[in-house]
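> Got a file for you: entry_12.pdb, PDB, C-alpha atoms, pLDDT in the B column.
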ATOM      1  CA  MET R   1    -100.621  37.006 -58.559  1.00 52.00           C
ATOM      2  CA  PRO R   2     -99.853  34.795 -55.523  1.00 52.00           C
ATOM      3  CA  SER R   3    -100.732  31.216 -55.625  1.00 55.00           C
ATOM      4  CA  ALA R   4    -102.989  29.351 -53.204  1.00 55.00           C
ATOM      5  CA  ALA R   5    -100.018  27.562 -51.557  1.00 56.00           C
ATOM      6  CA  SER R   6     -98.265  30.814 -50.713  1.00 60.00           C
ATOM      7  CA  ILE R   7    -101.458  32.258 -49.290  1.00 55.00           C
ATOM      8  CA  ARG R   8    -101.907  29.226 -47.002  1.00 57.00           C
ATOM      9  CA  SER R   9     -98.282  29.498 -45.814  1.00 63.00           C
ATOM     10  CA  LEU R  10     -98.684  33.171 -44.914  1.00 58.00           C
ATOM     11  CA  ALA R  11    -101.921  32.403 -43.029  1.00 56.00           C
ATOM     12  CA  SER R  12    -100.308  29.690 -40.925  1.00 59.00           C
ATOM     13  CA  LYS R  13     -97.392  31.985 -39.976  1.00 60.00           C
ATOM     14  CA  ALA R  14     -99.825  34.721 -38.977  1.00 57.00           C
ATOM     15  CA  PHE R  15    -101.713  32.251 -36.776  1.00 53.00           C
ATOM     16  CA  LEU R  16     -98.514  31.195 -34.995  1.00 54.00           C
ATOM     17  CA  MET R  17     -97.431  34.744 -34.308  1.00 55.00           C
ATOM     18  CA  ARG R  18    -100.851  35.526 -32.875  1.00 55.00           C
ATOM     19  CA  GLY R  19    -100.527  32.581 -30.440  1.00 53.00           C
ATOM     20  CA  ILE R  20     -97.067  33.662 -29.254  1.00 47.00           C
ATOM     21  CA  ILE R  21     -98.187  37.214 -28.599  1.00 47.00           C
ATOM     22  CA  ARG R  22    -101.176  35.974 -26.561  1.00 52.00           C
ATOM     23  CA  GLN R  23     -98.990  33.734 -24.245  1.00 50.00           C
ATOM     24  CA  PRO R  24     -98.470  34.834 -20.548  1.00 51.00           C
ATOM     25  CA  ALA R  25     -95.375  36.793 -19.608  1.00 48.00           C
ATOM     26  CA  TRP R  26     -93.933  33.977 -17.504  1.00 46.00           C
ATOM     27  CA  THR R  27     -94.036  31.582 -20.435  1.00 50.00           C
ATOM     28  CA  LEU R  28     -92.278  34.113 -22.636  1.00 45.00           C
ATOM     29  CA  GLN R  29     -89.596  34.617 -19.957  1.00 49.00           C
ATOM     30  CA  SER R  30     -88.985  30.876 -19.614  1.00 47.00           C
ATOM     31  CA  THR R  31     -88.943  30.606 -23.375  1.00 47.00           C
ATOM     32  CA  PHE R  32     -86.659  33.459 -24.294  1.00 43.00           C
ATOM     33  CA  CYS R  33     -84.450  33.707 -21.142  1.00 46.00           C
ATOM     34  CA  SER R  34     -82.210  30.681 -21.140  1.00 47.00           C
ATOM     35  CA  ALA R  35     -79.410  32.094 -18.853  1.00 45.00           C
ATOM     36  CA  THR R  36     -79.099  30.487 -15.387  1.00 48.00           C
ATOM     37  CA  PRO R  37     -79.772  32.970 -12.511  1.00 49.00           C
ATOM     38  CA  GLN R  38     -76.802  33.624 -10.097  1.00 49.00           C
ATOM     39  CA  THR R  39     -76.950  32.331  -6.483  1.00 51.00           C
ATOM     40  CA  PRO R  40     -76.070  34.510  -3.407  1.00 51.00           C
ATOM     41  CA  ALA R  41     -72.841  32.535  -2.886  1.00 50.00           C
ATOM     42  CA  SER R  42     -71.712  33.230  -6.383  1.00 51.00           C
ATOM     43  CA  ASP R  43     -72.627  36.892  -5.935  1.00 54.00           C
ATOM     44  CA  ALA R  44     -70.547  37.097  -2.712  1.00 51.00           C
ATOM     45  CA  ALA R  45     -67.607  35.386  -4.397  1.00 50.00           C
ATOM     46  CA  ALA R  46     -67.839  37.756  -7.282  1.00 52.00           C
ATOM     47  CA  SER R  47     -68.047  40.823  -5.002  1.00 63.00           C
ATOM     48  CA  ALA R  48     -65.201  39.683  -2.537  1.00 59.00           C
ATOM     49  CA  PRO R  49     -62.023  41.775  -2.740  1.00 64.00           C
ATOM     50  CA  PRO R  50     -58.952  40.052  -4.063  1.00 66.00           C
ATOM     51  CA  SER R  51     -56.530  38.544  -1.468  1.00 66.00           C
ATOM     52  CA  PRO R  52     -53.541  40.764  -0.648  1.00 64.00           C
ATOM     53  CA  PRO R  53     -50.222  39.776  -2.078  1.00 65.00           C
ATOM     54  CA  PRO R  54     -47.744  38.009   0.291  1.00 64.00           C
ATOM     55  CA  PRO R  55     -45.250  40.299   2.103  1.00 65.00           C
ATOM     56  CA  PRO R  56     -41.773  40.545   0.676  1.00 76.00           C
ATOM     57  CA  ALA R  57     -38.893  38.436   2.032  1.00 81.00           C
ATOM     58  CA  GLU R  58     -37.301  41.414   3.810  1.00 81.00           C
ATOM     59  CA  GLU R  59     -40.466  42.032   5.827  1.00 84.00           C
ATOM     60  CA  LEU R  60     -40.690  38.354   6.802  1.00 84.00           C
ATOM     61  CA  GLN R  61     -37.053  38.346   7.933  1.00 86.00           C
ATOM     62  CA  LYS R  62     -37.673  41.460  10.026  1.00 86.00           C
ATOM     63  CA  GLN R  63     -40.656  39.817  11.716  1.00 88.00           C
ATOM     64  CA  ILE R  64     -38.589  36.686  12.399  1.00 89.00           C
ATOM     65  CA  GLU R  65     -35.848  38.761  14.046  1.00 89.00           C
ATOM     66  CA  GLN R  66     -38.408  40.550  16.218  1.00 89.00           C
ATOM     67  CA  LEU R  67     -39.904  37.239  17.346  1.00 91.00           C
ATOM     68  CA  LYS R  68     -36.440  35.883  18.143  1.00 90.00           C
ATOM     69  CA  GLY R  69     -35.733  38.957  20.257  1.00 90.00           C
ATOM     70  CA  GLN R  70     -38.984  38.503  22.164  1.00 92.00           C
ATOM     71  CA  ILE R  71     -38.202  34.833  22.782  1.00 93.00           C
ATOM     72  CA  GLU R  72     -34.726  35.660  24.094  1.00 92.00           C
ATOM     73  CA  ASP R  73     -36.147  38.360  26.381  1.00 92.00           C
ATOM     74  CA  LEU R  74     -38.787  36.005  27.791  1.00 93.00           C
ATOM     75  CA  ASP R  75     -36.189  33.259  28.262  1.00 92.00           C
ATOM     76  CA  ASP R  76     -33.907  35.669  30.150  1.00 92.00           C
ATOM     77  CA  LYS R  77     -36.776  36.787  32.397  1.00 92.00           C
ATOM     78  CA  TYR R  78     -37.703  33.169  33.067  1.00 93.00           C
ATOM     79  CA  LYS R  79     -34.136  32.267  34.055  1.00 93.00           C
ATOM     80  CA  ARG R  80     -33.855  35.327  36.290  1.00 93.00           C
ATOM     81  CA  SER R  81     -37.116  34.378  37.975  1.00 94.00           C
ATOM     82  CA  LEU R  82     -35.822  30.869  38.628  1.00 93.00           C
ATOM     83  CA  ALA R  83     -32.563  32.261  40.034  1.00 93.00           C
ATOM     84  CA  ASP R  84     -34.418  34.678  42.327  1.00 94.00           C
ATOM     85  CA  ARG R  85     -36.667  31.915  43.584  1.00 93.00           C
ATOM     86  CA  GLU R  86     -33.656  29.690  44.267  1.00 93.00           C
ATOM     87  CA  ASN R  87     -31.926  32.515  46.149  1.00 94.00           C
ATOM     88  CA  VAL R  88     -35.006  33.091  48.270  1.00 94.00           C
ATOM     89  CA  ARG R  89     -35.263  29.380  49.033  1.00 93.00           C
ATOM     90  CA  THR R  90     -31.586  29.219  49.984  1.00 93.00           C
ATOM     91  CA  ARG R  91     -31.874  32.250  52.262  1.00 92.00           C
ATOM     92  CA  LEU R  92     -34.947  30.832  53.964  1.00 92.00           C
ATOM     93  CA  GLU R  93     -33.230  27.491  54.525  1.00 92.00           C
ATOM     94  CA  LYS R  94     -30.197  29.266  55.996  1.00 90.00           C
ATOM     95  CA  GLN R  95     -32.403  31.355  58.274  1.00 88.00           C
ATOM     96  CA  VAL R  96     -34.212  28.248  59.485  1.00 89.00           C
ATOM     97  CA  GLN R  97     -30.903  26.467  60.049  1.00 86.00           C
ATOM     98  CA  ASP R  98     -29.427  29.469  61.869  1.00 84.00           C
ATOM     99  CA  SER R  99     -32.501  29.746  64.055  1.00 85.00           C
ATOM    100  CA  LYS R 100     -32.029  26.112  65.062  1.00 83.00           C
ATOM    101  CA  ILE R 101     -28.308  26.540  65.760  1.00 83.00           C
ATOM    102  CA  TYR R 102     -28.217  30.018  67.281  1.00 86.00           C
ATOM    103  CA  GLY R 103     -31.661  30.091  68.861  1.00 86.00           C
ATOM    104  CA  ILE R 104     -30.074  29.382  72.256  1.00 87.00           C
ATOM    105  CA  GLN R 105     -27.497  32.166  71.919  1.00 89.00           C
ATOM    106  CA  SER R 106     -29.157  34.494  74.437  1.00 89.00           C
ATOM    107  CA  PHE R 107     -29.597  31.641  76.912  1.00 90.00           C
ATOM    108  CA  CYS R 108     -25.950  30.634  76.548  1.00 90.00           C
ATOM    109  CA  LYS R 109     -24.752  34.202  77.086  1.00 90.00           C
ATOM    110  CA  ASP R 110     -26.694  34.314  80.343  1.00 91.00           C
ATOM    111  CA  LEU R 111     -25.086  31.069  81.488  1.00 92.00           C
ATOM    112  CA  LEU R 112     -21.609  32.464  80.817  1.00 93.00           C
ATOM    113  CA  ASP R 113     -21.933  34.649  83.901  1.00 91.00           C
ATOM    114  CA  VAL R 114     -22.671  31.515  85.942  1.00 92.00           C
ATOM    115  CA  ALA R 115     -19.525  29.881  84.564  1.00 92.00           C
ATOM    116  CA  ASP R 116     -17.506  32.990  85.479  1.00 92.00           C
ATOM    117  CA  ILE R 117     -18.806  32.946  89.043  1.00 92.00           C
ATOM    118  CA  LEU R 118     -18.012  29.265  89.456  1.00 91.00           C
ATOM    119  CA  GLY R 119     -14.521  29.857  88.094  1.00 90.00           C
ATOM    120  CA  LYS R 120     -13.900  32.755  90.462  1.00 91.00           C
ATOM    121  CA  ALA R 121     -15.209  30.697  93.380  1.00 91.00           C
ATOM    122  CA  THR R 122     -12.849  27.775  92.760  1.00 90.00           C
ATOM    123  CA  GLU R 123      -9.884  30.079  92.085  1.00 89.00           C
ATOM    124  CA  SER R 124     -10.407  31.938  95.349  1.00 89.00           C
ATOM    125  CA  VAL R 125      -9.801  28.820  97.474  1.00 89.00           C
ATOM    126  CA  PRO R 126      -6.121  28.438  98.425  1.00 90.00           C
ATOM    127  CA  PRO R 127      -4.853  25.012  97.385  1.00 87.00           C
ATOM    128  CA  GLU R 128      -3.121  24.444 100.744  1.00 89.00           C
ATOM    129  CA  GLU R 129      -6.475  24.744 102.523  1.00 87.00           C
ATOM    130  CA  ILE R 130      -8.019  21.877 100.595  1.00 87.00           C
ATOM    131  CA  THR R 131      -6.997  19.123 102.986  1.00 88.00           C
ATOM    132  CA  ASP R 132      -8.611  16.582 105.238  1.00 87.00           C
ATOM    133  CA  ARG R 133      -8.223  19.073 108.080  1.00 88.00           C
ATOM    134  CA  ASN R 134     -10.970  21.167 106.391  1.00 88.00           C
ATOM    135  CA  PRO R 135     -13.440  18.507 105.269  1.00 89.00           C
ATOM    136  CA  HIS R 136     -16.295  20.977 104.754  1.00 90.00           C
ATOM    137  CA  LEU R 137     -14.206  23.297 102.614  1.00 90.00           C
ATOM    138  CA  LYS R 138     -12.845  20.349 100.701  1.00 90.00           C
ATOM    139  CA  SER R 139     -16.338  18.994 100.018  1.00 92.00           C
ATOM    140  CA  LEU R 140     -17.574  22.426  98.966  1.00 92.00           C
ATOM    141  CA  PHE R 141     -14.612  22.899  96.641  1.00 91.00           C
ATOM    142  CA  GLU R 142     -15.085  19.483  95.059  1.00 92.00           C
ATOM    143  CA  GLY R 143     -18.801  20.174  94.580  1.00 93.00           C
ATOM    144  CA  LEU R 144     -18.022  23.474  92.845  1.00 92.00           C
ATOM    145  CA  LYS R 145     -15.479  21.796  90.570  1.00 93.00           C
ATOM    146  CA  MET R 146     -17.965  19.055  89.657  1.00 94.00           C
ATOM    147  CA  THR R 147     -20.648  21.647  88.916  1.00 94.00           C
ATOM    148  CA  GLU R 148     -18.231  23.628  86.777  1.00 92.00           C
ATOM    149  CA  ALA R 149     -17.161  20.498  84.873  1.00 93.00           C
ATOM    150  CA  GLN R 150     -20.781  19.496  84.261  1.00 94.00           C
ATOM    151  CA  LEU R 151     -21.609  23.007  83.019  1.00 93.00           C
ATOM    152  CA  PHE R 152     -18.763  22.914  80.494  1.00 93.00           C
ATOM    153  CA  THR R 153     -19.888  19.453  79.376  1.00 94.00           C
ATOM    154  CA  VAL R 154     -23.333  20.897  78.619  1.00 93.00           C
ATOM    155  CA  PHE R 155     -21.671  23.813  76.816  1.00 93.00           C
ATOM    156  CA  ARG R 156     -19.706  21.497  74.548  1.00 93.00           C
ATOM    157  CA  ARG R 157     -22.786  19.390  73.854  1.00 92.00           C
ATOM    158  CA  HIS R 158     -24.541  22.463  72.456  1.00 91.00           C
ATOM    159  CA  GLY R 159     -21.546  23.834  70.562  1.00 92.00           C
ATOM    160  CA  VAL R 160     -20.272  26.372  73.114  1.00 94.00           C
ATOM    161  CA  VAL R 161     -16.450  26.494  73.172  1.00 94.00           C
ATOM    162  CA  GLN R 162     -14.249  28.444  75.548  1.00 94.00           C
ATOM    163  CA  ILE R 163     -11.632  30.902  74.242  1.00 94.00           C
ATOM    164  CA  ASN R 164      -8.451  31.258  76.278  1.00 94.00           C
ATOM    165  CA  PRO R 165      -5.981  33.080  73.980  1.00 94.00           C
ATOM    166  CA  LEU R 166      -3.073  33.521  76.368  1.00 93.00           C
ATOM    167  CA  GLY R 167       0.174  33.588  74.341  1.00 90.00           C
ATOM    168  CA  GLU R 168      -1.655  33.728  70.981  1.00 93.00           C
ATOM    169  CA  LYS R 169      -1.707  36.532  68.444  1.00 94.00           C
ATOM    170  CA  PHE R 170      -4.385  39.143  68.953  1.00 95.00           C
ATOM    171  CA  ASP R 171      -7.469  38.545  66.780  1.00 94.00           C
ATOM    172  CA  PRO R 172     -10.076  41.337  66.759  1.00 94.00           C
ATOM    173  CA  HIS R 173     -12.767  38.800  65.803  1.00 94.00           C
ATOM    174  CA  LEU R 174     -12.121  36.782  68.967  1.00 95.00           C
ATOM    175  CA  HIS R 175     -10.502  39.193  71.421  1.00 96.00           C
ATOM    176  CA  GLU R 176     -11.149  42.613  72.869  1.00 95.00           C
ATOM    177  CA  ALA R 177      -8.013  44.535  73.878  1.00 95.00           C
ATOM    178  CA  LEU R 178      -8.209  46.374  77.185  1.00 94.00           C
ATOM    179  CA  PHE R 179      -4.675  47.774  77.062  1.00 93.00           C
ATOM    180  CA  GLU R 180      -1.300  47.554  75.316  1.00 93.00           C
ATOM    181  CA  GLN R 181       2.026  47.580  77.074  1.00 91.00           C
ATOM    182  CA  PRO R 182       5.558  46.283  76.564  1.00 91.00           C
ATOM    183  CA  VAL R 183       5.919  42.859  78.175  1.00 88.00           C
ATOM    184  CA  GLU R 184       9.203  41.021  78.389  1.00 86.00           C
ATOM    185  CA  GLY R 185       9.115  37.616  76.734  1.00 85.00           C
ATOM    186  CA  HIS R 186       6.196  38.474  74.416  1.00 88.00           C
ATOM    187  CA  GLN R 187       6.288  39.646  70.817  1.00 90.00           C
ATOM    188  CA  PRO R 188       4.312  42.728  69.800  1.00 92.00           C
ATOM    189  CA  GLY R 189       0.713  41.710  69.127  1.00 93.00           C
ATOM    190  CA  ASP R 190       0.795  38.733  71.516  1.00 94.00           C
ATOM    191  CA  VAL R 191      -1.909  38.306  74.153  1.00 95.00           C
ATOM    192  CA  CYS R 192      -0.017  38.658  77.436  1.00 93.00           C
ATOM    193  CA  LEU R 193      -2.977  38.701  79.857  1.00 94.00           C
ATOM    194  CA  VAL R 194      -6.541  37.315  79.870  1.00 94.00           C
ATOM    195  CA  THR R 195      -8.888  39.022  82.284  1.00 93.00           C
ATOM    196  CA  LYS R 196     -12.055  37.329  81.054  1.00 93.00           C
ATOM    197  CA  LEU R 197     -12.453  34.203  78.944  1.00 94.00           C
ATOM    198  CA  GLY R 198     -14.322  34.337  75.668  1.00 95.00           C
ATOM    199  CA  TYR R 199     -16.827  31.907  74.162  1.00 96.00           C
ATOM    200  CA  GLN R 200     -17.994  30.798  70.733  1.00 95.00           C
ATOM    201  CA  LEU R 201     -21.269  29.153  69.702  1.00 94.00           C
ATOM    202  CA  HIS R 202     -20.802  26.945  66.623  1.00 91.00           C
ATOM    203  CA  GLY R 203     -17.955  29.141  65.437  1.00 90.00           C
ATOM    204  CA  ARG R 204     -19.736  32.446  66.143  1.00 92.00           C
ATOM    205  CA  THR R 205     -18.214  34.611  68.840  1.00 94.00           C
ATOM    206  CA  ILE R 206     -20.867  35.309  71.457  1.00 94.00           C
ATOM    207  CA  ARG R 207     -18.418  36.926  73.884  1.00 95.00           C
ATOM    208  CA  PRO R 208     -14.892  38.068  73.012  1.00 96.00           C
ATOM    209  CA  ALA R 209     -12.095  37.396  75.425  1.00 96.00           C
ATOM    210  CA  LEU R 210     -10.944  40.495  77.344  1.00 96.00           C
ATOM    211  CA  VAL R 211      -7.172  40.625  77.003  1.00 96.00           C
ATOM    212  CA  GLY R 212      -4.046  42.722  77.342  1.00 95.00           C
ATOM    213  CA  VAL R 213      -1.771  42.929  74.318  1.00 95.00           C
ATOM    214  CA  ALA R 214       2.013  43.277  74.243  1.00 93.00           C
ATOM    215  CA  LYS R 215       3.554  46.033  72.194  1.00 91.00           C
ATOM    216  CA  ALA R 216       7.076  46.942  71.154  1.00 87.00           C
ATOM    217  CA  PRO R 217       9.127  48.741  73.804  1.00 85.00           C
ATOM    218  CA  PRO R 218       9.835  52.430  73.165  1.00 82.00           C
ATOM    219  CA  GLN R 219      13.098  53.169  71.356  1.00 74.00           C
TER     220      GLN R 219
END
For this file, produce the structure as structure tokens.

Amino acid sequence: MPSAASIRSLASKAFLMRGIIRQPAWTLQSTFCSATPQTPASDAAASAPPSPPPPPAEELQKQIEQLKGQIEDLDDKYKRSLADRENVRTRLEKQVQDSKIYGIQSFCKDLLDVADILGKATESVPPEEITDRNPHLKSLFEGLKMTEAQLFTVFRRHGVVQINPLGEKFDPHLHEALFEQPVEGHQPGDVCLVTKLGYQLHGRTIRPALVGVAKAPPQ
């Protein structure tokens, strides 16, 4: 038969169990659930996929070679672009310079006919007629010679040079051959006759000299 002490102990335990059962659900949860709830950041970190492994050394070397090739190609294109721009600048400068030098070429060619007429006029006067007995002719002749001299001075000032190739070798860049014939005292290819003088403007032929050229006599 149980004693009084054991009966009191069983009664106190029954009273405690009755109090726990009657507690609200939230108190039971805070009492029995001691685990810390997870935060959204920890959930995202837990659900994130693992980082991919680094590429192998062969793949890295291949990418490096491709990048080097692209750099070399871009460097070549850049240098070609600089060279093209320099060529364009040089051509434009030359065109501007040529326009300054040869801009008067058409005007000079027109004045060459004036020089030819003056030369023919002075050559047509017989030297024996230029005396004090013909003062008017003498004055006219001297005026023509002075005009011709002044015209050639202006020509030289602007770079126009006369070409008189008599006795020189024929040059197709400076002369225009009207005929060829054997001429005593001249080697084949020599200019033996000048029918019209030529002219150059700063080294450029603006009118070739019209000449006759000696050739070898027939055998």
> Would you list the contacts of range 162-177 of chain R as a list in words, taking every protein, DNA or RNA residue within 9 Å and counting all atoms listed in the file, but skipping same-chain residues closer than 6 positions in sequence?
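Skipping anything fewer than 6 positions along the chain leaves Phe152, Phe155, Arg156, His186, Gln187, Pro188, Gly189, Asp190, Val191, Cys192, Leu193, Val194, Lys196, Leu197, Gly198, Tyr199, Gln200, Thr205, Arg207, Pro208, Ala209, Leu210, Val211, Gly212 and Val213 of chain R.
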> If the box runs along x, y and z of the file and leaves 8 Å on each side of range 199-216 of chain R, what are its centre and edge lengths in Å, one decimal, as lines of an AutoDock Vina configuration file?

center_x = -7.1
center_y = 36.9
center_z = 71.4
size_x = 44.3
size_y = 36.0
size_z = 27.9
> What is the CA of Ile206 in chain R to CA of Phe107 in chain R distance in Å?
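So the two atoms, CA of Ile206 in chain R and CA of Phe107 in chain R, lie 10.9 Å apart.
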> Given the file shown, determine the residues that the PyMOL selection byres ((chain R and resi 201) around 6) selects; report them as a ChimeraX atom specification.
/R:159-160,200,202-204
> If you keep C-alpha atoms, can you produce a file of those selected residues as a PDB file, keeping the file's coordinate frame?

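Final output, saved to again.pdb:
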ATOM      1  CA  GLY R 159     -21.546  23.834  70.562  1.00 92.00           C
ATOM      2  CA  VAL R 160     -20.272  26.372  73.114  1.00 94.00           C
ATOM      3  CA  GLN R 200     -17.994  30.798  70.733  1.00 95.00           C
ATOM      4  CA  HIS R 202     -20.802  26.945  66.623  1.00 91.00           C
ATOM      5  CA  GLY R 203     -17.955  29.141  65.437  1.00 90.00           C
ATOM      6  CA  ARG R 204     -19.736  32.446  66.143  1.00 92.00           C
TER       7      ARG R 204
END
> Quick check, in Å to one decimal: how far apart do CA of Leu178 in chain R and CA of Thr195 in chain R lie?
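That distance, rounded to one decimal, is 9.0 Å.
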> Starting from the shown file, work through the PyMOL selection byres ((chain R and resi 136-146) around 12) and note down what comes out as a PDB file with C-alpha atoms, keeping the file's coordinate frame.

ATOM      1  CA  VAL R 114     -22.671  31.515  85.942  1.00 92.00           C
ATOM      2  CA  ALA R 115     -19.525  29.881  84.564  1.00 92.00           C
ATOM      3  CA  ILE R 117     -18.806  32.946  89.043  1.00 92.00           C
ATOM      4  CA  LEU R 118     -18.012  29.265  89.456  1.00 91.00           C
ATOM      5  CA  GLY R 119     -14.521  29.857  88.094  1.00 90.00           C
ATOM      6  CA  LYS R 120     -13.900  32.755  90.462  1.00 91.00           C
ATOM      7  CA  ALA R 121     -15.209  30.697  93.380  1.00 91.00           C
ATOM      8  CA  THR R 122     -12.849  27.775  92.760  1.00 90.00           C
ATOM      9  CA  GLU R 123      -9.884  30.079  92.085  1.00 89.00           C
ATOM     10  CA  SER R 124     -10.407  31.938  95.349  1.00 89.00           C
ATOM     11  CA  VAL R 125      -9.801  28.820  97.474  1.00 89.00           C
ATOM     12  CA  PRO R 126      -6.121  28.438  98.425  1.00 90.00           C
ATOM     13  CA  PRO R 127      -4.853  25.012  97.385  1.00 87.00           C
ATOM     14  CA  GLU R 128      -3.121  24.444 100.744  1.00 89.00           C
ATOM     15  CA  GLU R 129      -6.475  24.744 102.523  1.00 87.00           C
ATOM     16  CA  ILE R 130      -8.019  21.877 100.595  1.00 87.00           C
ATOM     17  CA  THR R 131      -6.997  19.123 102.986  1.00 88.00           C
ATOM     18  CA  ASP R 132      -8.611  16.582 105.238  1.00 87.00           C
ATOM     19  CA  ARG R 133      -8.223  19.073 108.080  1.00 88.00           C
ATOM     20  CA  ASN R 134     -10.970  21.167 106.391  1.00 88.00           C
ATOM     21  CA  PRO R 135     -13.440  18.507 105.269  1.00 89.00           C
ATOM     22  CA  THR R 147     -20.648  21.647  88.916  1.00 94.00           C
ATOM     23  CA  GLU R 148     -18.231  23.628  86.777  1.00 92.00           C
ATOM     24  CA  ALA R 149     -17.161  20.498  84.873  1.00 93.00           C
ATOM     25  CA  GLN R 150     -20.781  19.496  84.261  1.00 94.00           C
ATOM     26  CA  LEU R 151     -21.609  23.007  83.019  1.00 93.00           C
ATOM     27  CA  PHE R 152     -18.763  22.914  80.494  1.00 93.00           C
ATOM     28  CA  THR R 153     -19.888  19.453  79.376  1.00 94.00           C
TER      29      THR R 153
END
> Rounded to one decimal place, report the CA of His158 in chain R-CA of Gly103 in chain R distance in Å.
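Separation between CA of His158 in chain R and CA of Gly103 in chain R: 11.0 Å.
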> Hey, can you pull every residue with an atom no more than 9 Å from (5.6, 50.7, 72.0), using all atoms listed in the file, and send it as a list of chain:residue names?
R:Glu180, R:Gln181, R:Pro182, R:Pro188, R:Ala214, R:Lys215, R:Ala216, R:Pro217, R:Pro218, R:Gln219
